[in-house]
$ cat input.txt   # compact mmCIF, C-alpha atoms and all ligand atoms
# COMPACT_ATOMS: atom_id res chain seq x y z
CA MET A 10 2.03 26.27 13.29
CA ARG A 11 2.02 25.03 16.88
CA PRO A 12 5.53 23.84 17.70
CA VAL A 13 4.13 20.64 19.19
CA ILE A 14 2.98 19.52 15.73
CA GLN A 15 6.41 20.25 14.32
CA GLY A 16 7.87 18.04 17.04
CA LEU A 17 5.67 14.97 16.42
CA ARG A 18 7.50 11.82 15.51
CA GLY A 19 6.79 9.91 12.34
CA GLU A 20 6.23 6.17 12.34
CA ALA A 21 9.64 4.55 12.19
CA GLY A 22 8.36 1.62 10.15
CA PHE A 23 7.69 3.95 7.26
CA ALA A 24 11.12 5.64 7.54
CA TYR A 25 12.89 2.28 7.39
CA ILE A 26 10.80 1.18 4.40
CA ALA A 27 12.18 4.24 2.59
CA LYS A 28 15.77 3.31 3.52
CA ALA A 29 15.18 -0.27 2.39
CA ARG A 30 13.67 0.85 -0.89
CA GLU A 31 16.72 3.00 -1.55
CA LEU A 32 19.04 0.03 -0.89
CA ALA A 33 16.95 -2.25 -3.10
CA SER A 34 17.13 0.28 -5.94
CA ARG A 35 20.92 -0.10 -5.76
CA GLY A 36 20.57 -3.85 -6.33
CA VAL A 37 20.78 -5.08 -2.71
CA LYS A 38 18.57 -8.12 -1.98
CA VAL A 39 16.73 -6.66 0.99
CA ILE A 40 14.74 -8.79 3.45
CA SER A 41 12.34 -6.67 5.47
CA PHE A 42 11.10 -7.44 8.94
CA GLY A 43 10.05 -3.80 9.19
CA VAL A 44 6.47 -3.26 8.27
CA GLY A 45 3.43 -4.45 10.21
CA GLN A 46 1.11 -5.86 7.61
CA PRO A 47 0.28 -9.36 6.36
CA ASP A 48 2.10 -10.14 3.11
CA ILE A 49 -0.93 -11.68 1.41
CA PRO A 50 -3.53 -9.82 -0.63
CA THR A 51 -7.04 -9.16 0.70
CA PHE A 52 -9.16 -12.32 0.37
CA ASP A 53 -11.13 -12.84 -2.87
CA HIS A 54 -14.67 -12.71 -1.47
CA ILE A 55 -13.91 -9.28 -0.02
CA ILE A 56 -12.52 -8.00 -3.32
CA GLU A 57 -15.62 -9.35 -5.11
CA GLU A 58 -17.93 -7.39 -2.82
CA ALA A 59 -15.90 -4.21 -3.40
CA LYS A 60 -16.29 -4.77 -7.15
CA ARG A 61 -20.03 -5.16 -6.73
CA ALA A 62 -20.16 -1.93 -4.74
CA LEU A 63 -18.34 -0.19 -7.58
CA ASP A 64 -20.59 -1.72 -10.24
CA GLU A 65 -23.59 -0.47 -8.28
CA ARG A 66 -21.91 2.95 -8.14
CA PHE A 67 -21.95 2.86 -4.34
CA THR A 68 -19.53 5.77 -4.41
CA GLY A 69 -21.06 8.57 -2.36
CA TYR A 70 -20.80 9.71 1.23
CA THR A 71 -22.30 7.37 3.80
CA GLU A 72 -23.55 7.94 7.34
CA THR A 73 -20.64 9.24 9.45
CA VAL A 74 -21.02 6.38 11.90
CA GLY A 75 -20.83 3.84 9.06
CA ILE A 76 -23.42 2.03 6.91
CA PRO A 77 -25.97 0.10 9.01
CA GLU A 78 -24.93 -3.28 7.52
CA LEU A 79 -21.37 -2.74 8.66
CA ARG A 80 -22.27 -1.53 12.14
CA GLU A 81 -24.48 -4.60 12.48
CA ALA A 82 -21.77 -6.92 11.22
CA ILE A 83 -19.28 -5.43 13.69
CA ALA A 84 -21.73 -5.73 16.58
CA ASP A 85 -22.50 -9.34 15.60
CA TYR A 86 -18.80 -10.15 15.46
CA LEU A 87 -18.08 -8.68 18.90
CA ASN A 88 -21.18 -10.30 20.40
CA SER A 89 -20.71 -13.77 18.98
CA ARG A 90 -17.06 -13.85 19.85
CA TYR A 91 -16.91 -11.95 23.13
CA GLN A 92 -20.53 -11.77 24.36
CA ALA A 93 -19.93 -8.03 24.36
CA GLU A 94 -23.56 -6.95 24.27
CA VAL A 95 -22.77 -4.24 21.73
CA GLY A 96 -25.58 -2.67 19.73
CA PRO A 97 -24.99 -1.31 16.21
CA ASP A 98 -25.54 2.16 17.69
CA GLU A 99 -22.55 1.59 19.97
CA VAL A 100 -20.19 1.32 17.01
CA LEU A 101 -18.43 4.07 15.07
CA VAL A 102 -16.70 3.16 11.80
CA THR A 103 -13.44 5.01 11.21
CA THR A 104 -10.78 5.37 8.53
CA GLY A 105 -8.49 2.71 10.02
CA ALA A 106 -7.90 1.91 13.68
CA LYS A 107 -5.49 4.84 13.81
CA THR A 108 -8.33 7.31 13.30
CA ALA A 109 -10.30 5.59 16.05
CA ILE A 110 -7.30 6.08 18.35
CA PHE A 111 -6.99 9.73 17.35
CA LEU A 112 -10.68 10.47 17.89
CA ALA A 113 -10.64 8.82 21.31
CA ILE A 114 -7.59 10.76 22.41
CA ALA A 115 -8.78 14.06 20.94
CA ALA A 116 -12.11 13.64 22.70
CA TYR A 117 -10.71 12.86 26.13
CA LEU A 118 -7.35 14.62 26.43
CA GLY A 119 -6.67 18.34 26.50
CA PRO A 120 -3.72 20.54 27.45
CA GLY A 121 -2.18 19.43 30.74
CA ASP A 122 -4.00 16.08 30.85
CA GLU A 123 -2.10 12.83 31.20
CA VAL A 124 -2.45 9.40 29.64
CA VAL A 125 -0.67 6.36 31.05
CA VAL A 126 1.04 4.40 28.28
CA PRO A 127 2.79 1.08 28.98
CA GLU A 128 6.10 1.24 27.11
CA PRO A 129 7.31 -0.02 24.65
CA SER A 130 4.22 1.09 22.79
CA TYR A 131 2.78 1.57 19.37
CA PRO A 132 3.65 5.26 18.87
CA ALA A 133 0.28 6.58 17.67
CA TYR A 134 -1.17 6.94 21.19
CA PRO A 135 1.53 9.16 22.70
CA GLU A 136 1.88 11.21 19.54
CA ALA A 137 -1.87 11.86 19.35
CA ALA A 138 -1.80 12.86 23.03
CA ARG A 139 1.07 15.25 22.38
CA ALA A 140 -0.76 16.76 19.42
CA MET A 141 -3.59 17.63 21.81
CA GLY A 142 -1.18 19.25 24.27
CA ALA A 143 -1.55 16.33 26.69
CA ARG A 144 1.29 14.37 28.24
CA PRO A 145 1.98 10.66 27.78
CA VAL A 146 3.28 9.13 31.00
CA PHE A 147 5.24 6.02 30.10
CA VAL A 148 5.30 3.02 32.40
CA PRO A 149 7.80 0.36 31.28
CA LEU A 150 6.59 -3.19 30.82
CA ARG A 151 8.44 -5.56 33.10
CA TRP A 152 11.02 -7.69 31.28
CA LYS A 153 10.95 -11.15 32.85
CA GLY A 154 13.64 -12.80 30.73
CA GLN A 155 13.50 -15.11 27.74
CA GLU A 156 11.17 -17.67 29.35
CA ARG A 157 8.51 -15.27 30.57
CA GLY A 158 8.72 -12.30 28.23
CA PHE A 159 7.00 -9.05 29.24
CA GLU A 160 4.26 -8.25 31.67
CA LEU A 161 2.28 -5.18 32.59
CA ASP A 162 3.61 -3.51 35.72
CA VAL A 163 0.21 -3.04 37.30
CA GLU A 164 1.55 -1.42 40.50
CA ALA A 165 3.60 1.09 38.51
CA ILE A 166 0.58 1.89 36.34
CA GLU A 167 -1.45 2.75 39.43
CA GLU A 168 1.43 4.77 40.88
CA ALA A 169 1.61 6.77 37.65
CA VAL A 170 -1.99 7.96 38.03
CA THR A 171 -2.26 11.59 39.15
CA SER A 172 -5.13 14.06 39.43
CA ARG A 173 -4.44 14.98 35.79
CA THR A 174 -4.69 11.42 34.44
CA LYS A 175 -7.66 10.78 32.14
CA MET A 176 -6.81 7.58 30.29
CA ILE A 177 -4.83 4.34 30.32
CA VAL A 178 -3.81 2.66 27.06
CA LEU A 179 -3.96 -1.11 26.79
CA THR A 180 -2.89 -2.81 23.56
CA ASN A 181 -3.59 -6.53 23.63
CA PRO A 182 -2.19 -8.55 21.84
CA HIS A 183 0.67 -6.13 22.03
CA ASN A 184 2.72 -4.27 19.45
CA PRO A 185 5.76 -4.27 19.46
CA THR A 186 6.37 -7.20 21.86
CA GLY A 187 3.83 -9.75 20.55
CA GLU A 188 2.83 -10.35 24.17
CA VAL A 189 -0.69 -11.47 25.09
CA PHE A 190 -1.38 -10.12 28.57
CA PRO A 191 -3.00 -12.57 30.98
CA PRO A 192 -6.61 -11.89 32.04
CA GLU A 193 -5.56 -11.01 35.62
CA GLN A 194 -3.46 -8.13 34.31
CA VAL A 195 -6.20 -6.85 32.00
CA GLU A 196 -8.64 -7.03 34.87
CA ALA A 197 -6.24 -5.21 37.16
CA VAL A 198 -5.90 -2.34 34.67
CA LEU A 199 -9.67 -2.17 34.36
CA GLU A 200 -9.93 -2.04 38.17
CA ILE A 201 -7.41 0.81 38.40
CA ALA A 202 -9.36 2.73 35.77
CA ARG A 203 -12.59 2.20 37.71
CA ARG A 204 -11.05 3.23 41.02
CA HIS A 205 -9.70 6.47 39.57
CA ASN A 206 -12.51 7.21 37.15
CA LEU A 207 -10.39 6.89 34.01
CA VAL A 208 -11.12 5.54 30.55
CA VAL A 209 -9.22 2.60 29.12
CA LEU A 210 -8.31 2.89 25.46
CA ALA A 211 -8.29 -0.81 24.59
CA ASP A 212 -6.72 -1.57 21.21
CA GLU A 213 -7.35 -5.19 20.21
CA ILE A 214 -6.55 -4.91 16.51
CA TYR A 215 -4.54 -8.17 16.72
CA ASP A 216 -7.33 -10.17 18.37
CA ASN A 217 -7.27 -12.80 15.63
CA PHE A 218 -3.51 -13.27 15.79
CA VAL A 219 -3.34 -15.37 18.92
CA TYR A 220 -1.33 -18.60 18.81
CA GLU A 221 -1.99 -20.09 22.22
CA GLY A 222 -4.81 -19.82 24.72
CA GLY A 223 -4.92 -17.09 27.29
CA PHE A 224 -6.29 -14.13 25.38
CA ARG A 225 -9.31 -12.59 26.98
CA SER A 226 -10.90 -9.56 25.36
CA ILE A 227 -11.67 -6.60 27.59
CA LEU A 228 -15.20 -6.81 26.15
CA THR A 229 -15.83 -9.99 28.15
CA TYR A 230 -15.77 -8.07 31.45
CA SER A 231 -19.23 -7.01 32.50
CA GLY A 232 -19.71 -3.28 32.75
CA TRP A 233 -16.92 -2.59 30.26
CA LYS A 234 -19.03 0.12 28.65
CA ASP A 235 -18.71 2.25 31.78
CA ASN A 236 -15.16 3.18 30.96
CA VAL A 237 -13.73 1.39 27.93
CA LEU A 238 -13.18 2.77 24.45
CA TYR A 239 -12.62 -0.32 22.35
CA VAL A 240 -10.63 -0.12 19.11
CA ASN A 241 -10.35 -2.76 16.41
CA GLY A 242 -10.34 -2.84 12.61
CA HIS A 243 -10.03 -4.74 9.39
CA SER A 244 -6.42 -3.91 8.53
CA LYS A 245 -4.70 -6.93 10.06
CA THR A 246 -7.40 -9.62 10.37
CA PHE A 247 -8.45 -9.40 6.72
CA SER A 248 -5.19 -8.04 5.33
CA MET A 249 -6.92 -4.77 4.42
CA THR A 250 -4.36 -2.16 5.50
CA GLY A 251 -4.87 0.00 2.41
CA TRP A 252 -8.67 0.03 2.62
CA ARG A 253 -8.58 2.25 5.71
CA LEU A 254 -11.26 0.64 7.79
CA GLY A 255 -11.36 0.54 11.58
CA TYR A 256 -13.92 0.98 14.32
CA LEU A 257 -14.57 2.05 17.85
CA ALA A 258 -17.08 0.48 20.22
CA ALA A 259 -18.26 2.28 23.36
CA ALA A 260 -21.37 3.31 25.24
CA ARG A 261 -23.91 5.03 23.02
CA PRO A 262 -23.54 8.57 24.45
CA VAL A 263 -19.79 8.32 23.88
CA ILE A 264 -20.32 7.26 20.26
CA GLU A 265 -22.77 10.14 19.80
CA ARG A 266 -20.13 12.61 20.93
CA LEU A 267 -17.31 11.03 18.94
CA LYS A 268 -19.55 11.16 15.88
CA ARG A 269 -19.53 14.96 16.10
CA LEU A 270 -15.78 14.95 15.98
CA ALA A 271 -15.72 12.36 13.18
CA VAL A 272 -18.09 14.27 10.91
CA ASN A 273 -15.85 17.30 11.15
CA VAL A 274 -12.71 15.33 10.41
CA TYR A 275 -13.46 12.69 7.75
CA SER A 276 -17.24 12.69 7.11
CA CYS A 277 -17.28 8.90 6.71
CA ALA A 278 -15.03 5.93 5.98
CA PRO A 279 -14.67 5.07 2.27
CA SER A 280 -18.01 3.73 0.98
CA ILE A 281 -16.48 0.89 -1.03
CA SER A 282 -14.30 -0.24 1.86
CA GLN A 283 -17.34 -0.34 4.11
CA ARG A 284 -19.20 -2.66 1.76
CA ALA A 285 -16.10 -4.85 1.53
CA GLY A 286 -15.83 -4.72 5.30
CA VAL A 287 -19.29 -6.27 5.68
CA ALA A 288 -18.30 -9.18 3.43
CA ALA A 289 -15.11 -9.62 5.45
CA LEU A 290 -16.93 -9.98 8.76
CA ARG A 291 -19.75 -12.14 7.38
CA GLY A 292 -17.17 -14.61 6.11
CA PRO A 293 -16.17 -17.22 5.14
CA TRP A 294 -13.54 -17.04 7.90
CA GLU A 295 -11.58 -19.96 6.53
CA PRO A 296 -9.00 -17.70 4.79
CA VAL A 297 -8.39 -15.90 8.10
CA ARG A 298 -7.87 -19.23 9.87
CA ARG A 299 -5.46 -20.37 7.18
CA MET A 300 -3.54 -17.11 7.41
CA VAL A 301 -3.27 -17.34 11.19
CA GLU A 302 -2.07 -20.97 10.91
CA GLU A 303 0.62 -19.81 8.52
CA PHE A 304 1.59 -17.04 10.94
CA ARG A 305 1.91 -19.63 13.71
CA ARG A 306 4.41 -21.54 11.57
CA ARG A 307 6.28 -18.30 10.95
CA ARG A 308 6.28 -17.51 14.64
CA ASP A 309 7.79 -20.90 15.40
CA ALA A 310 10.41 -20.45 12.67
CA VAL A 311 11.41 -16.96 13.77
CA VAL A 312 11.77 -18.07 17.40
CA GLU A 313 13.86 -21.07 16.37
CA GLU A 314 16.15 -19.02 14.13
CA LEU A 315 16.57 -16.08 16.51
CA ARG A 316 17.44 -18.43 19.37
CA ARG A 317 20.43 -19.56 17.32
CA VAL A 318 21.87 -16.03 17.27
CA PRO A 319 24.51 -15.78 20.01
CA GLY A 320 23.64 -13.36 22.79
CA PHE A 321 20.01 -12.85 21.74
CA GLU A 322 17.31 -13.43 24.36
CA VAL A 323 14.14 -14.45 22.56
CA PRO A 324 10.80 -14.70 24.35
CA VAL A 325 8.05 -16.65 22.56
CA PRO A 326 5.44 -14.11 21.43
CA ARG A 327 1.90 -15.47 21.80
CA GLY A 328 0.14 -12.94 19.60
CA ALA A 329 0.26 -10.32 16.81
CA PHE A 330 3.08 -10.89 14.30
CA TYR A 331 5.98 -9.23 16.04
CA ILE A 332 8.90 -10.54 18.00
CA PHE A 333 10.98 -8.36 20.29
CA PRO A 334 14.27 -10.05 21.16
CA ARG A 335 16.60 -8.53 23.72
CA VAL A 336 19.96 -7.89 22.09
CA ALA A 337 21.53 -5.84 24.88
CA LYS A 338 24.21 -8.45 25.62
CA VAL A 339 25.44 -8.33 22.02
CA LEU A 340 25.37 -4.53 21.96
CA GLU A 341 27.49 -4.43 25.08
CA GLU A 342 30.04 -6.80 23.53
CA ILE A 343 30.34 -4.95 20.26
CA GLY A 344 29.89 -1.42 21.62
CA MET A 345 26.96 -0.30 19.49
CA SER A 346 23.71 1.47 20.36
CA THR A 347 20.39 -0.15 19.43
CA GLU A 348 20.00 2.21 16.45
CA GLU A 349 23.58 1.66 15.27
CA PHE A 350 23.03 -2.10 15.38
CA VAL A 351 19.82 -1.88 13.36
CA ASP A 352 21.49 0.38 10.76
CA HIS A 353 24.46 -1.98 10.66
CA LEU A 354 22.23 -4.99 9.92
CA LEU A 355 20.54 -3.01 7.17
CA TYR A 356 23.67 -1.73 5.45
CA SER A 357 25.90 -4.77 5.95
CA ARG A 358 23.32 -7.52 5.27
CA GLY A 359 20.26 -5.86 3.77
CA VAL A 360 18.02 -6.91 6.67
CA VAL A 361 15.42 -4.46 7.95
CA THR A 362 14.55 -4.56 11.66
CA LEU A 363 13.42 -1.71 13.90
CA PRO A 364 15.20 -0.42 17.00
CA GLY A 365 13.11 -0.85 20.16
CA THR A 366 13.75 2.82 20.89
CA VAL A 367 11.19 3.93 18.29
CA PHE A 368 8.39 2.49 20.46
CA PRO A 369 8.74 5.37 21.24
CA GLU A 370 11.47 6.06 23.82
CA LYS A 371 13.71 4.39 26.34
CA ALA A 372 11.99 1.18 27.39
CA GLY A 373 12.89 -0.43 24.08
CA GLU A 374 16.63 0.26 24.51
CA GLY A 375 18.51 -2.98 23.87
CA PHE A 376 15.63 -4.61 21.98
CA ILE A 377 14.84 -4.88 18.28
CA ARG A 378 11.49 -5.58 16.64
CA LEU A 379 10.97 -7.98 13.78
CA SER A 380 7.65 -8.25 11.99
CA TYR A 381 7.47 -11.86 10.81
CA ALA A 382 4.73 -11.26 8.25
CA VAL A 383 6.96 -12.79 5.57
CA SER A 384 7.48 -16.35 4.30
CA VAL A 385 9.24 -18.98 6.43
CA GLU A 386 11.91 -19.09 3.72
CA LYS A 387 12.58 -15.36 4.07
CA ILE A 388 12.57 -15.70 7.85
CA ARG A 389 15.28 -18.38 7.70
CA GLU A 390 17.32 -16.43 5.15
CA GLY A 391 16.94 -13.05 6.90
CA VAL A 392 17.59 -14.23 10.45
CA GLY A 393 20.42 -16.39 9.08
CA ARG A 394 22.04 -13.21 7.78
CA ILE A 395 21.61 -11.57 11.19
CA ARG A 396 23.24 -14.60 12.87
CA GLU A 397 26.23 -14.57 10.50
CA GLU A 398 26.73 -10.85 11.07
CA VAL A 399 26.51 -11.14 14.86
CA GLU A 400 28.92 -14.09 14.85
CA LYS A 401 31.33 -12.05 12.72
CA LEU A 402 31.05 -8.96 14.94
CA LEU A 403 31.61 -11.02 18.09
CA ALA A 404 34.60 -12.82 16.55
CA GLU A 405 36.19 -9.52 15.50
CA ARG A 406 35.64 -8.27 18.99
CA GLY A 407 37.38 -11.28 20.48
CA ARG A 408 40.43 -10.85 18.31
N1 LIG B 501 -3.06 -0.25 16.55
C1 LIG B 501 -1.97 -1.02 16.55
C2 LIG B 501 -1.53 -1.66 17.81
C3 LIG B 501 -1.26 -1.23 15.36
O1 LIG B 501 -0.16 -1.99 15.38
C4 LIG B 501 -1.70 -0.60 14.17
C5 LIG B 501 -1.00 -0.77 12.85
N2 LIG B 501 0.34 -1.00 12.87
C6 LIG B 501 -2.84 0.22 14.24
C7 LIG B 501 -3.50 0.36 15.44
C8 LIG B 501 -3.34 0.97 13.04
O2 LIG B 501 -4.16 0.24 12.23
P1 LIG B 501 -4.83 0.86 10.94
O3 LIG B 501 -3.93 0.57 9.79
O4 LIG B 501 -6.15 0.17 10.82
O5 LIG B 501 -4.99 2.32 11.13

$ encode --input "input.txt" --output "structure tokens"
Amino acid sequence: MRPVIQGLRGEAGFAYIAKARELASRGVKVISFGVGQPDIPTFDHIIEEAKRALDERFTGYTETVGIPELREAIADYLNSRYQAEVGPDEVLVTTGAKTAIFLAIAAYLGPGDEVVVPEPSYPAYPEAARAMGARPVFVPLRWKGQERGFELDVEAIEEAVTSRTKMIVLTNPHNPTGEVFPPEQVEAVLEIARRHNLVVLADEIYDNFVYEGGFRSILTYSGWKDNVLYVNGHSKTFSMTGWRLGYLAAARPVIERLKRLAVNVYSCAPSISQRAGVAALRGPWEPVRRMVEEFRRRRDAVVEELRRVPGFEVPVPRGAFYIFPRVAKVLEEIGMSTEEFVDHLLYSRGVVTLPGTVFPEKAGEGFIRLSYAVSVEKIREGVGRIREEVEKLLAERGR
């Protein structure tokens, strides 16, 4: 096998779930801020449609690009919300957003090519690039302190562009920081891509998890089809992570070419999930709104609790369901690395967090990620445990 495949990193979230499960089996009351999925089941009207699809024995292969009803529903969603001017033939349905990411990267990046990835980053982009023999070039987000959080370093992104660069990744709202990048920064990235003839891989899978104004989809910029590959999906918005449904929107010739890759990889997304996916987009949207309201309450609770932990710097995340506090001051005091600290919280208090260094390298050093897709009660209990442990560690240190 090619050594590069052997060297690919797994997704840390899944590794920590395994550790947590092992602890729980030994009777520890684990609270997990590890995994990135809503804690509620898929909404009833979506389940009902999946049942109907089964009753009708809608169980065969479908068109590779997705069933027409779903492509239309996706186009309608993007058009009504973002005036995107997307036609159903500019949509490709995939097996989760991750497959959309992989197809995009496999189609555009070959050996020796480069992709600019703002870091910290969701790891799937750089790992897919590596699998293709391409090189991720990481550009750290700028840390502006607790009050201002993170921003894209637009100048550094442009400086990172070389003659080998083919793509820039832009995740907005952002995993793992929960940041929503202001329109000027999105526009600036789009401008850089245009100037240098690059594609932007725009992942907006958290577009419904936005708690304050200020989010502007890349699809609202005219001419986006010239160089944007847009990724979204059902996993987060409709709490459908296990249904494996995502999609890519781009200019029609691009979709035509990606289709050839898709048919050779997965033939089509699951037929039943596609039918359910139509029901999800057609609504009612009230359950989504209720879920997002609940997540706003959780966001407020997690900020409040984390700000009570001594030494933590806690920016207010405006989107997704992640928070990325800076814990470097505590680590310095107690002499632990980011990973040691995360392991210590797990084994001493049964609280799962992720070290910033799994996203995927150095920019996350001194930060931890919490997914607050759990009840407010669990947030207060879990972060309370973190606070007690940090207070204890700091007191021991002072002695
Ligand atoms: N993009 C981002 C930014 C994500 O956080 C995730 C899931 N954690 C995905 C894509 C993958 O989504 P899916 O489960 O639909 O493949």

$ residues_near_ligand --input "input.txt" --ligand "ligand LIG 501 (chain B)" --cutoff "10 Å" --atoms "only C-alpha atoms and all ligand atoms" --output "PyMOL selection string"
chain A and resi 20+22+44-46+103-111+130-134+179-185+211-215+240-246+248-256+329-331

$ closest_residue --input "input.txt" --among "A:Ala202, A:Val311, A:Val102, A:Ala285" --to "Pro326 of chain A" --atoms "all atoms listed in the file"
A:Val311

$ residues_around --input "input.txt" --residues "segment 33-37 of chain A" --least-positions-apart "2" --cutoff "10 Å" --atoms "all atoms listed in the file" --output "PyMOL selection string"
chain A and resi 27-31+39-40+356+358-360

$ residues_around --input "input.txt" --residues "Phe321 of chain A" --least-positions-apart "4" --cutoff "9 Å" --atoms "only C-alpha atoms" --output "count of residues only"
9

$ closest_residue --input "input.txt" --among "A:Ser89, A:Thr362, A:Asn206, A:Ser357" --to "Gly43 of chain A" --atoms "only C-alpha atoms"
A:Thr362

$ atom_distance --input "input.txt" --atom1 "atom CA of Leu228 of chain A" --atom2 "atom CA of Gly328 of chain A"
17.8 Å

$ residues_around --input "input.txt" --residues "segment 80-83 of chain A" --least-positions-apart "6" --cutoff "9 Å" --atoms "only C-alpha atoms" --output "ChimeraX atom specification"
/A:74,95-102,256,286-288,290-291

$ residues_near_point --input "input.txt" --point "(-6.3, 16.9, 32.0)" --cutoff "7 Å" --atoms "only C-alpha atoms" --output "ChimeraX atom specification"
/A:118-123,173-175

$ write_last_selection --input "input.txt" --atoms "C-alpha atoms" --output "mmCIF file, in the coordinates of the input"
data_model
loop_
_atom_site.group_PDB
_atom_site.id
_atom_site.type_symbol
_atom_site.label_atom_id
_atom_site.label_comp_id
_atom_site.auth_asym_id
_atom_site.auth_seq_id
_atom_site.Cartn_x
_atom_site.Cartn_y
_atom_site.Cartn_z
ATOM 1 C CA LEU A 118 -7.350 14.620 26.430
ATOM 2 C CA GLY A 119 -6.670 18.340 26.500
ATOM 3 C CA PRO A 120 -3.720 20.540 27.450
ATOM 4 C CA GLY A 121 -2.180 19.430 30.740
ATOM 5 C CA ASP A 122 -4.000 16.080 30.850
ATOM 6 C CA GLU A 123 -2.100 12.830 31.200
ATOM 7 C CA ARG A 173 -4.440 14.980 35.790
ATOM 8 C CA THR A 174 -4.690 11.420 34.440
ATOM 9 C CA LYS A 175 -7.660 10.780 32.140
#

$ residues_around --input "input.txt" --residues "His205 of chain A" --least-positions-apart "3" --cutoff "12 Å" --atoms "all atoms listed in the file" --output "list in words"
Ile166, Glu167, Glu168, Ala169, Val170, Thr171, Ser172, Arg173, Thr174, Lys175, Met176, Ile177, Val198, Leu199, Glu200, Ile201, Ala202, Val208, Val209 and Asn236 of chain A
